[in-house]
Structure formats: structure tokens, C-alpha cells
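**Q** Below you will find the structure I want to go over with you.
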Amino acid sequence: MAGGGGPPGSKKRKRAAARRSKASKRAKGKKPYEAPAARGGGGGSKEEPQPVTAMDERAEAEEMSESTEPDCSLEKELKLLCVKLRYYNMRTNRRCRLVTEALRKMDGKYLEIARSPTACVLQLCVKWCSHSERDPIFVALQPHLLDLSLDEHTVFLVHNIIKMATRKQFARFIYSLRGHVASLLCHTIGAAVLDHAFNLATRPQKRSLLLELYSTELQLSNDLKEEKPCRFSLLNIISKLGLQKSSVLQHMTTVIQQVLEKGIVEYSIVHTVILEYLTIADKTSALDVIRQLIPHLTERTYALDELSGVARLLGKPEVEKKRSSKPLLIQIMQTKEGLKLGLACLKHGLAEDRKRIIKSLKWRIMKLALSDYGCLFVICLLSIVDNTELVTEVVIDVLKKQLKELIFDKNGRHPLLQLFHPLCSRYLTLGELFYLNYNVPSLVSKVNFGSKLDDVADKEHGGSEDTLIASDSKEDPIKRRQELLVKSELYEVLIETCIENVGQLLRTNFGKDVLYEVAVGGKNNFLEGVTDRIHVLHNAIACDAARPRTDDGDEHAFDNYHSSRTIRRMILDCPAFAATLWKTALEGKCKLYADGFSSMVLAAYLESPNSGVKDLAKSELQPLIDGGILKPQDHKAEENFFFL
């Protein structure tokens, strides 16, 4: 083999490079093709056109790429800045520098970039830039925000712009929506922007948005600007301005039907409009809207993904819209309007509608029971659905598995307390009671509703109107509660849970209420004697109270603020427990507990309406009172404590 020379193939590469260089020079110096001169013309020499080779085409392509290089470089730079800005652990000063650099590169091109795949970079800059840097962006995009709201890739940019806008800028955006509210609400993407603006708006701004959905005539009315919020309802508006109810109803029906046909029912502004519509609608129209609404609430919905813009910029496959793992009914329970709409569907739907609603909530009851408004929906479900077997399977069986978490939770305890003592003002606030009693006016029969309440009151031995009534409920409320508590074995599991956690339940603000209701058997002791395990619970409470006082920081049951009042209530309302507690913890030891919170427990024996309980303790307590050791207590403050 001959020696010397470079590595194999090196000469071949050099020759190829030389050919490319010559071709490039020839292509750059080549004159444009000229047509040959006509015959008989001047004596210039003719030049034959040179054939275009593959190397010539490649050289021309390189020149064209060089001419477009600045635009590509800007996109690459913005792509790199987008990746850096998405780091959550980045220092603030470094992020500010990156945002300033990105805005400098995009200066004067905000609208062009907003409509390009690099819109997500502008979105991040709007989120993190200063007010002075954000103002030019708003000025440039403000006339086009309505159009940008209709694109799934720029809708999140609009979200950030209106969220970070100043009051004046936001007011200008609200004004720009005038005349477009109804069309925007019926758009699957634009409705999200409208709802976002509605949630950020002040009450007068919300009013201006809603008036356009109520009637076209109301947009020009100035009489409602000074209207108080409490008086701002559709019925008051119609009566004050003398509008024709039929024309308002027709306009709202058109808007709502378009919304329902497209399934745009997850937004709070839609809930507000439908609720106002139900206040003026006749029975047929109201039922029609509710029947159309139920399928949308029980199905999963598609949701836009905010990261889709980033995927476009980075060249990844488009992020597909995925179905949510939960039905829309759970999602809307975050607002009071959503709760009222869900209650309307539950109360005024047919039996098959309730069955569909309950089945859609399977394995998601705990999420509802632990939320502020969702627990009220579970309360209504337990109170009005006649199909107790289905309720037991979907609701009760799930609650039984996580009873401890429910008992100690502020909201989770409410469904349990409802089964023992329905609509008790000791456990539910006035606002919560108001929501639970919500009904559509045209769908409530006052005669039937009042008669059912009277029957319930008679069965509850003089009780108040403490039962929720559905439009077609047939089963007796007391029988329904007994089936859900006893037949489902929920009461047995509750007793066992209370026995295992008796000390903690006595001393906690929320747990003590469940313990009290279980120990006394519910309202008017309607479960007393159902099971022998109730006496075991009484013994467990008495044994906890019988423990001696110690200095190790473990507060005695009679000395604790919550447990002393709970035990006192049990003594007054449950003679069986009073007798057990006396024999186990108090007999012969009353002098030790004659002061402080424990004195309230002793005084309860003398205040008991049961003569047997009084006789049990009178012989030992009366000498303490005569000697001034045990003083009579004023229990008005304590009674008010339970009704807060």
C-alpha cells in the first residue's frame, strides 16, 4: 500500500469542497440570461445560457435562507427565553432581566407575536413584567382583545392581560364588551374570557354585563346605575322599568338555549343568568331548562390546556383537550350559584334524573362532603331521594369507610348531623339554611308543600319545618332517615368510631356535635333503643370523665371548655347517660367538681326535666348548694354558644 497522504477519503472531500466553492462563485457572478439579438442586428457576440446544476440550486437555497435569517433568529431567541421563564425556582431579579430582554425584542410587534406560536412568551411577560412595561402591551392589544378571546391559543394571553390590568384598563375592557356579551357567551372559547372578566368585575360592572343578557332594552337604561345590590334582581328590574315580562323571557330563552345546545354551562355567569331566568319562567319553561341542564352536569367536559401554546412554540405535538376526571356537577359546587343550580336540578328533576345525578357522583362523594357548598348538596341528596338503596350504595357506603375524617371536619360532619337532626340551626348557619331551602317559584306547590311540612311536624312531635321536600317525594322523611342510618349499618359504625375516639371527640369543637347526636339517638331520641351498643358508648364517655385530674397537661373532661358543655347537654337530654355518668364518675366525688366548668355538669342534674335524674343527685348536691360550695349557674351564654 502506498504511504503518505491524509486519511482515506480526505482528498475526495477536498475536491468536493473546491467544486462547491467554484459553483458558489459562478452563481454569484453569473449574469442574468439575455435573449439573443435579432437577426440582422448589431455585431455583438452571442452568449449561450448555462445549464442550472444541483450545486447551483443548493447555493441559491442557502442565499434565501440567509435572507430570512433575522426572523428565524427572533423566534429561536424567544423560544429559548420561554424555556427559561418557565423555571419556577428562578430568582426574581433574573426573571425580571429575562422579561425585559424579551419585551425589548418584541417591541412594536406585540400584535404580530400575539397571533403567532410565540404568543406564550408574551403571555409570560405580561404575567411577570412591571406596570410600566405592561402598559404598552395593553395599548397595542386592547383594540384586538375581543378577537384574541376567540382563539384557543391566545385566550390565556387575554386572561393574563385582564387579570393584571389596572382599574382604568379593566374598565375599558368591560366597555369594549358592550354589544358583544351575548355572542361571546355563546362561544365555546370566548365564554371563558367573559366569565373570567365577570368574576373580576365590580358589582356595577357585573350588572352592565348581565343587563345585556336580560334584554336589549336594558343596555340603554341609566336608572339602574344607582340601584342597591340587594335590590338588583330581574323581577325588581322588570317592575321598576315597566318592561314586558314576555319580551324579557323571550330574549333570555334565546340566549340560554344557545348556551345549552353548545354545553357551555360550567361558568358562574351562566349560572347567574339561568337562576334569574328561573325566577320569571313559567312551569313548562323552567322544567325544560332543568331537563336540558342535567345531562351537561352529569357528564365529563373538555377543558382547554394552558400549556398548548408552549407546545406549539417548542415544536411538540399539539396538546389535545382531555376530558376531566370528574363531572361538571362537582366543579360548579365551588360557588353559591352553582350550588343553587345543582339543588334546583336535584329537587325538581324526575326520579330518573336524580338517579343519573347520584350515579355520576360515585366515588366522588368525599370531595363534595368536605367542601363548603358540596356538603350542602350531599345534605339535600340524603334528605329528598326516595331510592335509599341507591343512596346507600353510592353515598353511605363511601362515607362509612372514612367516618373519622368526616367527624372531625368542619364540613364533613354536616351530612351525618343532618341524618340525626335535620336542618338544625345549631349546626347550620342562616345562609346555609337559606341555600338548602332554595326552590324554583313556578315549580313549588304551596298547598302540597305546606301540607307535607305539617305532616312532618306532627310526626316529629311538634317539631318545626325541618325537612327538605322534593317535587315528587313520596317516602316519609323519618322512615328514610332510619333506613339510611340503621338498615345501612351506618349507626353501628358511627358508634364504634365514637367509642374508639371518645376522648378526642369530647374535646374538639366539631367532633363533640357528632358524639352528642350519636349518644342521644338524634332528634327526640328517635333512634334510642335501636342498638345495645349505645350503652357501651355511654360507658366509654363516663369512663373518660372518671379519670382523675392530673398535671401532665391532659385536660380533664369536666374542665375542658367543649367537653363540659357537651356532657351537660347529654345529662339534660338523655336520662340513661345521666344515670351511667353519675354511678361511674360523680357519685361521692361531687365536692371535687364544684367549681369551674365542672360545676356546670353538676348543676345539670338539678336542672334536668327528668325527675329520676334530679332525685339521683339531689341528696348529694343540695348540701353543696346550701354551704355555698356549688353556686347556681347562668347558662344563657352557654346556650348561645351552641347556636352560633
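For the C-alpha cells, the naming scheme is as follows: chains receive sequential letters (A, B, ...) according to their order of presentation, residues are indexed from 1 within each chain, and ligands are indexed from 1 in presentation order.
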I need the residues in region 520-615 of chain A that are helix (DSSP H, G or I) according to DSSP; give them as number ranges by chain.
**A** A: 520, 523-525, 533-546, 561-573, 575-586, 590-593, 598-607, 611-615
**Q** Neighbouring residues of Gly612 (chain A) were defined as those with any atom within 12 Å, considering only C-alpha atoms; residues of the same chain fewer than 2 positions away were excluded. Please report them as a PyMOL selection string.
**A** chain A and resi 571-572+574-576+578-579+605-610+614-618
**Q** Find the residues near region 279-285 of chain A: any atom within 12 Å, counting only C-alpha atoms, skip ones fewer than 2 places away on the same chain, and give them as a ChimeraX atom specification.
**A** /A:214,233-239,244-254,256-257,272-277,287-292,344,348,438-445
**Q** Quick one, how far is CA of Glu587 (chain A) from CA of Val530 (chain A)?
**A**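 Going from CA of Glu587 (chain A) over to CA of Val530 (chain A) covers 28.4 Å.
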